[in-house]
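Structure first, commentary second.
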Amino acid sequence: MSVITRFAPSPTGYLHLGHAYSALFAEQAAARSGGQFLLRIEDIDRGRCRAEFEDAIYEDLAWLGLEWETPVRRQSDHFEDYARALGELSASGLTYPCFCTRKEIETEIDAAGGAPHGPDGPVYPGTCKHLSEEEREDRVGAGEAHAVRLDMDAAVLRTGPLTWHDAAAGEVTAAPDRFGDIVLARKDTPTSYHLSVTLDDHIQGVTLVTRGTDLFAATDVHRVLQTLLDLDVPRYHHHSLLTGADGKRFAKREKSLTIRELRAAGKTTGDVLGLMESYADV
Ligand code: GLU
């Protein structure tokens, strides 16, 4: 069956070998099935994303020999789509405004003697979940900065048990509650990774989501959002992450293994593909 896959980098730095691997993984899965390979620029974080990095993404991927369908979906062009989805979730009573600062959350967690650690970090202690409707309205009305959180208990009650399919792991039982009340819209950006990625995969018709195992747990949250928003459910293939000789995964801050640096050092596309394979744990 032909599949539609995508590569969805954030232009917050230059692509490194790990990204190249992920992009090729997606492209090859599409090519093997006679399907389509899409590219999406995940640039909701306006403070960290730079046009220069976006340009470099196109250039580096083309240099690696990749071809993708056009137009490319750039998330910052679609804030109204995320706002609409958020509005739907809020209208069904599953969200609440959160006025807490990072510091206040830390203080609250310390005072409570700690918090369970979820896949995205310490679970939000629920401070703003307990505010009265009146206080919420007053503070939002007064223009106080706030994030919007998903009431995970209510959401999970609504969806019931969920599963999803991973090509490597098989049928996975979702356990989204371990994330707690995730942020759907941030104070500085009117959406979040979880909301925009889930909606975009549906809007772009992606049928096979390929990405690193670092995002394996996040799929549990995406399944919840798919169910609440009545979105199509893709299949998944989480691939292992490339690691360097020290066993640590590549990160954008390690300049030496960016495609850019390797090119500047005179490496050919073939050299880079070979290097990538030598790091792949296959
Ligand atoms: N934008 C995410 C990243 O660069 C990937 C999102 C995804 O594949 O779901 O890590």
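Every chain in the structure tokens takes a letter, A first, then B, and so on in the order presented; its residues are numbered from 1, and the ligands are numbered from 1 following the presented order.
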
| task | as a list in words, list the residues of segment 189-250 of chain A assigned to helix (DSSP H, G or I) by DSSP on the backbone atoms of this structure. | result |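 Matching residues for helix (DSSP H, G or I) in segment 189-250 of chain A are Tyr193, His194, Leu195, Ser196, Val197, Thr198, Leu199, Asp200, Asp201, His202, Ile203, Thr213, Asp214, Leu215, Ala218, Thr219, Asp220, Val221, His222, Arg223, Val224, Leu225, Gln226, Thr227, Leu228 and Leu229 of chain A.
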
| task | Pick out the residues no farther than 8 Å from ligand 1, counting only C-alpha atoms and all ligand atoms, and list them as a PyMOL selection string. | result | chain A and resi 6-10+41-42+193+197+209-212+215

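Put simply, atom CA of Trp63 of chain A is 22.1 Å away from atom CA of Ile4 of chain A.
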
| request: Name all residues at most 7 Å from segment 233-249 of chain A (count only C-alpha atoms; drop same-chain ones fewer than 3 positions away) and give them as a list in words. | output: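 The neighbour list is Gly18, His165, Asp166, Ala167, Ala168, Val206, Thr207, Leu208, Val209, Thr210, Arg211, Gly212, Thr213, Phe216, Gln226, Tyr279, Ala280 and Asp281 of chain A.
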
| message | From the options A:Asp214, A:Glu144, A:Asp120, A:Asp151, which residue's atoms come nearest to Phe179 of chain A, counting only C-alpha atoms? | response | A:Asp120

| task | Tell me which protein, DNA and RNA residues are within 12 Å of Asp138 of chain A, counting only C-alpha atoms, leaving out same-chain ones fewer than 6 positions away, and put them as an MDAnalysis selection string. | result | chainID A and resid 97 99 131:132 144

| field | Residues within 8 Å of segment 64-79 of chain A, only C-alpha atoms, excluding chain neighbours under 3 positions, as a PyMOL selection string | value | chain A and resi 20+24+27+36-44+60-61+82-83+190-191+196+269+273

Let's have the selection written as a PDB file, in the first residue's frame, with N, CA, C and O atoms.
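Printed below is again-v8.pdb as written:
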ATOM      1  N   ALA A  20      19.531  13.948   8.806  1.00  0.00           N
ATOM      2  CA  ALA A  20      19.666  13.383   7.459  1.00  0.00           C
ATOM      3  C   ALA A  20      19.132  11.950   7.455  1.00  0.00           C
ATOM      4  O   ALA A  20      18.405  11.534   6.541  1.00  0.00           O
ATOM      5  N   LEU A  24      15.926  10.699   5.269  1.00  0.00           N
ATOM      6  CA  LEU A  24      16.059   9.598   4.314  1.00  0.00           C
ATOM      7  C   LEU A  24      15.150   8.427   4.663  1.00  0.00           C
ATOM      8  O   LEU A  24      14.591   7.765   3.794  1.00  0.00           O
ATOM      9  N   GLU A  27      11.788   9.390   3.405  1.00  0.00           N
ATOM     10  CA  GLU A  27      11.732   9.403   1.948  1.00  0.00           C
ATOM     11  C   GLU A  27      11.750   7.991   1.383  1.00  0.00           C
ATOM     12  O   GLU A  27      11.013   7.661   0.459  1.00  0.00           O
ATOM     13  N   GLN A  36       4.262   9.204  -1.385  1.00  0.00           N
ATOM     14  CA  GLN A  36       4.723  10.599  -1.429  1.00  0.00           C
ATOM     15  C   GLN A  36       5.503  10.971  -0.177  1.00  0.00           C
ATOM     16  O   GLN A  36       5.176  10.509   0.924  1.00  0.00           O
ATOM     17  N   PHE A  37       6.482  11.832  -0.373  1.00  0.00           N
ATOM     18  CA  PHE A  37       7.298  12.311   0.739  1.00  0.00           C
ATOM     19  C   PHE A  37       7.087  13.824   0.856  1.00  0.00           C
ATOM     20  O   PHE A  37       7.288  14.564  -0.105  1.00  0.00           O
ATOM     21  N   LEU A  38       6.645  14.261   2.034  1.00  0.00           N
ATOM     22  CA  LEU A  38       6.355  15.678   2.263  1.00  0.00           C
ATOM     23  C   LEU A  38       7.383  16.282   3.207  1.00  0.00           C
ATOM     24  O   LEU A  38       8.028  15.563   3.985  1.00  0.00           O
ATOM     25  N   LEU A  39       7.466  17.588   3.148  1.00  0.00           N
ATOM     26  CA  LEU A  39       8.361  18.310   4.045  1.00  0.00           C
ATOM     27  C   LEU A  39       7.519  19.337   4.797  1.00  0.00           C
ATOM     28  O   LEU A  39       6.638  19.976   4.209  1.00  0.00           O
ATOM     29  N   ARG A  40       7.769  19.451   6.083  1.00  0.00           N
ATOM     30  CA  ARG A  40       7.035  20.451   6.883  1.00  0.00           C
ATOM     31  C   ARG A  40       8.035  21.214   7.742  1.00  0.00           C
ATOM     32  O   ARG A  40       8.905  20.599   8.368  1.00  0.00           O
ATOM     33  N   ILE A  41       7.910  22.505   7.751  1.00  0.00           N
ATOM     34  CA  ILE A  41       8.809  23.330   8.554  1.00  0.00           C
ATOM     35  C   ILE A  41       8.100  23.660   9.866  1.00  0.00           C
ATOM     36  O   ILE A  41       7.072  24.336   9.880  1.00  0.00           O
ATOM     37  N   GLU A  42       8.636  23.155  10.973  1.00  0.00           N
ATOM     38  CA  GLU A  42       7.983  23.329  12.275  1.00  0.00           C
ATOM     39  C   GLU A  42       8.570  24.554  12.966  1.00  0.00           C
ATOM     40  O   GLU A  42       9.484  24.454  13.788  1.00  0.00           O
ATOM     41  N   ASP A  43       8.009  25.690  12.603  1.00  0.00           N
ATOM     42  CA  ASP A  43       8.588  26.962  13.051  1.00  0.00           C
ATOM     43  C   ASP A  43       7.633  27.778  13.913  1.00  0.00           C
ATOM     44  O   ASP A  43       7.547  28.994  13.761  1.00  0.00           O
ATOM     45  N   ILE A  44       6.913  27.091  14.808  1.00  0.00           N
ATOM     46  CA  ILE A  44       5.985  27.852  15.667  1.00  0.00           C
ATOM     47  C   ILE A  44       6.725  28.694  16.700  1.00  0.00           C
ATOM     48  O   ILE A  44       6.198  29.661  17.198  1.00  0.00           O
ATOM     49  N   ASP A  60      20.371  21.720   2.130  1.00  0.00           N
ATOM     50  CA  ASP A  60      21.050  20.491   2.582  1.00  0.00           C
ATOM     51  C   ASP A  60      20.292  19.239   2.135  1.00  0.00           C
ATOM     52  O   ASP A  60      20.897  18.241   1.744  1.00  0.00           O
ATOM     53  N   LEU A  61      18.959  19.278   2.214  1.00  0.00           N
ATOM     54  CA  LEU A  61      18.182  18.095   1.807  1.00  0.00           C
ATOM     55  C   LEU A  61      18.341  17.842   0.309  1.00  0.00           C
ATOM     56  O   LEU A  61      18.478  16.695  -0.128  1.00  0.00           O
ATOM     57  N   TYR A  82      -4.533  26.074  14.006  1.00  0.00           N
ATOM     58  CA  TYR A  82      -4.313  25.591  15.382  1.00  0.00           C
ATOM     59  C   TYR A  82      -5.295  26.268  16.338  1.00  0.00           C
ATOM     60  O   TYR A  82      -5.792  25.650  17.274  1.00  0.00           O
ATOM     61  N   ALA A  83      -5.584  27.548  16.051  1.00  0.00           N
ATOM     62  CA  ALA A  83      -6.518  28.289  16.909  1.00  0.00           C
ATOM     63  C   ALA A  83      -7.912  27.660  16.824  1.00  0.00           C
ATOM     64  O   ALA A  83      -8.614  27.535  17.828  1.00  0.00           O
ATOM     65  N   PRO A 190       0.701  30.799  20.067  1.00  0.00           N
ATOM     66  CA  PRO A 190      -0.679  30.347  20.280  1.00  0.00           C
ATOM     67  C   PRO A 190      -0.934  28.880  19.922  1.00  0.00           C
ATOM     68  O   PRO A 190      -2.049  28.510  19.606  1.00  0.00           O
ATOM     69  N   THR A 191       0.094  28.044  19.976  1.00  0.00           N
ATOM     70  CA  THR A 191      -0.086  26.608  19.769  1.00  0.00           C
ATOM     71  C   THR A 191       1.067  25.910  20.489  1.00  0.00           C
ATOM     72  O   THR A 191       1.797  26.539  21.253  1.00  0.00           O
ATOM     73  N   SER A 196       0.057  21.213  17.045  1.00  0.00           N
ATOM     74  CA  SER A 196       0.276  21.505  15.624  1.00  0.00           C
ATOM     75  C   SER A 196       0.715  20.273  14.846  1.00  0.00           C
ATOM     76  O   SER A 196       0.282  20.065  13.716  1.00  0.00           O
ATOM     77  N   THR A 269      28.206  13.921  -1.185  1.00  0.00           N
ATOM     78  CA  THR A 269      26.953  13.336  -0.713  1.00  0.00           C
ATOM     79  C   THR A 269      27.178  11.871  -0.342  1.00  0.00           C
ATOM     80  O   THR A 269      26.710  11.389   0.693  1.00  0.00           O
ATOM     81  N   LEU A 273      26.409  10.031   3.209  1.00  0.00           N
ATOM     82  CA  LEU A 273      25.486   8.889   3.336  1.00  0.00           C
ATOM     83  C   LEU A 273      26.220   7.707   3.963  1.00  0.00           C
ATOM     84  O   LEU A 273      25.670   6.989   4.803  1.00  0.00           O
TER      85      LEU A 273
END

| Residue nearest Phe53 of chain A - candidates A:Ser192, A:Thr198, A:Thr12, A:Thr268, atoms counted: only C-alpha atoms |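 Ranking A:Ser192, A:Thr198, A:Thr12, A:Thr268 by distance to Phe53 of chain A, first place goes to A:Thr12.
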
| Those in segment 30-213 of chain A with strand (DSSP E) from DSSP, as a PyMOL selection string | chain A and resi 36-41+73-74+95-98+117-118+121-122+147-150+163-166+170-173+183-185+208-212

Would you kindly return, as a PDB file with all heavy atoms, in the first residue's frame, each protein, DNA or RNA residue with an atom no farther than 10 Å from any atom of Leu262 of chain A, considering only C-alpha atoms and excluding same-chain residues fewer than 5 positions away?
ATOM      1  N   HIS A  16      21.851  18.030  11.179  1.00  0.00           N
ATOM      2  CA  HIS A  16      23.020  17.187  11.416  1.00  0.00           C
ATOM      3  C   HIS A  16      22.757  15.782  10.876  1.00  0.00           C
ATOM      4  O   HIS A  16      21.701  15.527  10.268  1.00  0.00           O
ATOM      5  CB  HIS A  16      23.398  17.173  12.897  1.00  0.00           C
ATOM      6  CG  HIS A  16      22.267  16.793  13.809  1.00  0.00           C
ATOM      7  ND1 HIS A  16      21.726  15.536  13.850  1.00  0.00           N
ATOM      8  CD2 HIS A  16      21.568  17.525  14.706  1.00  0.00           C
ATOM      9  CE1 HIS A  16      20.758  15.496  14.740  1.00  0.00           C
ATOM     10  NE2 HIS A  16      20.637  16.694  15.266  1.00  0.00           N
ATOM     11  N   LEU A  17      23.699  14.896  11.099  1.00  0.00           N
ATOM     12  CA  LEU A  17      23.572  13.545  10.532  1.00  0.00           C
ATOM     13  C   LEU A  17      22.294  12.832  10.970  1.00  0.00           C
ATOM     14  O   LEU A  17      21.702  12.090  10.207  1.00  0.00           O
ATOM     15  CB  LEU A  17      24.770  12.696  10.967  1.00  0.00           C
ATOM     16  CG  LEU A  17      26.039  12.810  10.140  1.00  0.00           C
ATOM     17  CD1 LEU A  17      27.058  11.795  10.663  1.00  0.00           C
ATOM     18  CD2 LEU A  17      25.769  12.533   8.656  1.00  0.00           C
ATOM     19  N   LYS A 255      28.350  21.119  16.320  1.00  0.00           N
ATOM     20  CA  LYS A 255      28.531  21.689  14.988  1.00  0.00           C
ATOM     21  C   LYS A 255      29.250  20.746  14.017  1.00  0.00           C
ATOM     22  O   LYS A 255      29.000  20.751  12.830  1.00  0.00           O
ATOM     23  CB  LYS A 255      29.337  22.987  15.081  1.00  0.00           C
ATOM     24  CG  LYS A 255      28.704  24.040  15.970  1.00  0.00           C
ATOM     25  CD  LYS A 255      28.222  25.207  15.147  1.00  0.00           C
ATOM     26  CE  LYS A 255      27.598  26.320  15.946  1.00  0.00           C
ATOM     27  NZ  LYS A 255      26.848  25.938  17.116  1.00  0.00           N
ATOM     28  N   SER A 256      30.151  19.924  14.557  1.00  0.00           N
ATOM     29  CA  SER A 256      31.025  19.139  13.687  1.00  0.00           C
ATOM     30  C   SER A 256      30.270  18.201  12.751  1.00  0.00           C
ATOM     31  O   SER A 256      30.756  17.897  11.670  1.00  0.00           O
ATOM     32  CB  SER A 256      31.987  18.333  14.532  1.00  0.00           C
ATOM     33  OG  SER A 256      31.249  17.494  15.378  1.00  0.00           O
ATOM     34  N   LEU A 257      29.113  17.749  13.162  1.00  0.00           N
ATOM     35  CA  LEU A 257      28.429  16.790  12.311  1.00  0.00           C
ATOM     36  C   LEU A 257      27.202  17.371  11.624  1.00  0.00           C
ATOM     37  O   LEU A 257      26.300  16.643  11.250  1.00  0.00           O
ATOM     38  CB  LEU A 257      28.094  15.529  13.109  1.00  0.00           C
ATOM     39  CG  LEU A 257      29.366  14.725  13.443  1.00  0.00           C
ATOM     40  CD1 LEU A 257      29.065  13.622  14.439  1.00  0.00           C
ATOM     41  CD2 LEU A 257      30.010  14.134  12.198  1.00  0.00           C
ATOM     42  N   LYS A 267      33.339  17.017   1.978  1.00  0.00           N
ATOM     43  CA  LYS A 267      32.717  15.683   1.840  1.00  0.00           C
ATOM     44  C   LYS A 267      31.696  15.689   0.698  1.00  0.00           C
ATOM     45  O   LYS A 267      31.029  16.696   0.463  1.00  0.00           O
ATOM     46  CB  LYS A 267      31.993  15.299   3.134  1.00  0.00           C
ATOM     47  CG  LYS A 267      32.880  15.281   4.359  1.00  0.00           C
ATOM     48  CD  LYS A 267      33.490  13.923   4.570  1.00  0.00           C
ATOM     49  CE  LYS A 267      34.254  13.850   5.865  1.00  0.00           C
ATOM     50  NZ  LYS A 267      35.633  13.400   5.693  1.00  0.00           N
ATOM     51  N   THR A 268      31.572  14.537   0.050  1.00  0.00           N
ATOM     52  CA  THR A 268      30.567  14.417  -1.012  1.00  0.00           C
ATOM     53  C   THR A 268      29.279  13.859  -0.400  1.00  0.00           C
ATOM     54  O   THR A 268      29.282  13.365   0.737  1.00  0.00           O
ATOM     55  CB  THR A 268      31.029  13.424  -2.090  1.00  0.00           C
ATOM     56  OG1 THR A 268      31.132  12.128  -1.469  1.00  0.00           O
ATOM     57  CG2 THR A 268      32.374  13.825  -2.675  1.00  0.00           C
ATOM     58  N   THR A 269      28.206  13.921  -1.185  1.00  0.00           N
ATOM     59  CA  THR A 269      26.953  13.336  -0.713  1.00  0.00           C
ATOM     60  C   THR A 269      27.178  11.871  -0.342  1.00  0.00           C
ATOM     61  O   THR A 269      26.710  11.389   0.693  1.00  0.00           O
ATOM     62  CB  THR A 269      25.878  13.445  -1.828  1.00  0.00           C
ATOM     63  OG1 THR A 269      25.733  14.820  -2.171  1.00  0.00           O
ATOM     64  CG2 THR A 269      24.561  12.905  -1.371  1.00  0.00           C
ATOM     65  N   ASP A 271      29.898  10.426   0.661  1.00  0.00           N
ATOM     66  CA  ASP A 271      30.646  10.323   1.922  1.00  0.00           C
ATOM     67  C   ASP A 271      29.686  10.461   3.111  1.00  0.00           C
ATOM     68  O   ASP A 271      29.765   9.716   4.086  1.00  0.00           O
ATOM     69  CB  ASP A 271      31.660  11.479   2.072  1.00  0.00           C
ATOM     70  CG  ASP A 271      32.797  11.394   1.076  1.00  0.00           C
ATOM     71  OD1 ASP A 271      33.053  10.283   0.565  1.00  0.00           O
ATOM     72  OD2 ASP A 271      33.432  12.448   0.819  1.00  0.00           O
ATOM     73  N   VAL A 272      28.786  11.451   2.996  1.00  0.00           N
ATOM     74  CA  VAL A 272      27.882  11.728   4.122  1.00  0.00           C
ATOM     75  C   VAL A 272      26.902  10.569   4.313  1.00  0.00           C
ATOM     76  O   VAL A 272      26.628  10.145   5.440  1.00  0.00           O
ATOM     77  CB  VAL A 272      27.144  13.077   3.916  1.00  0.00           C
ATOM     78  CG1 VAL A 272      26.055  13.273   4.963  1.00  0.00           C
ATOM     79  CG2 VAL A 272      28.144  14.223   3.986  1.00  0.00           C
TER      80      VAL A 272
END

| said: Using Å and a single decimal, report how far atom CA of Gln204 of chain A sits from atom CA of His222 of chain A. | reply: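 Computed distance, atom CA of His222 of chain A to atom CA of Gln204 of chain A, equals 15.3 Å.
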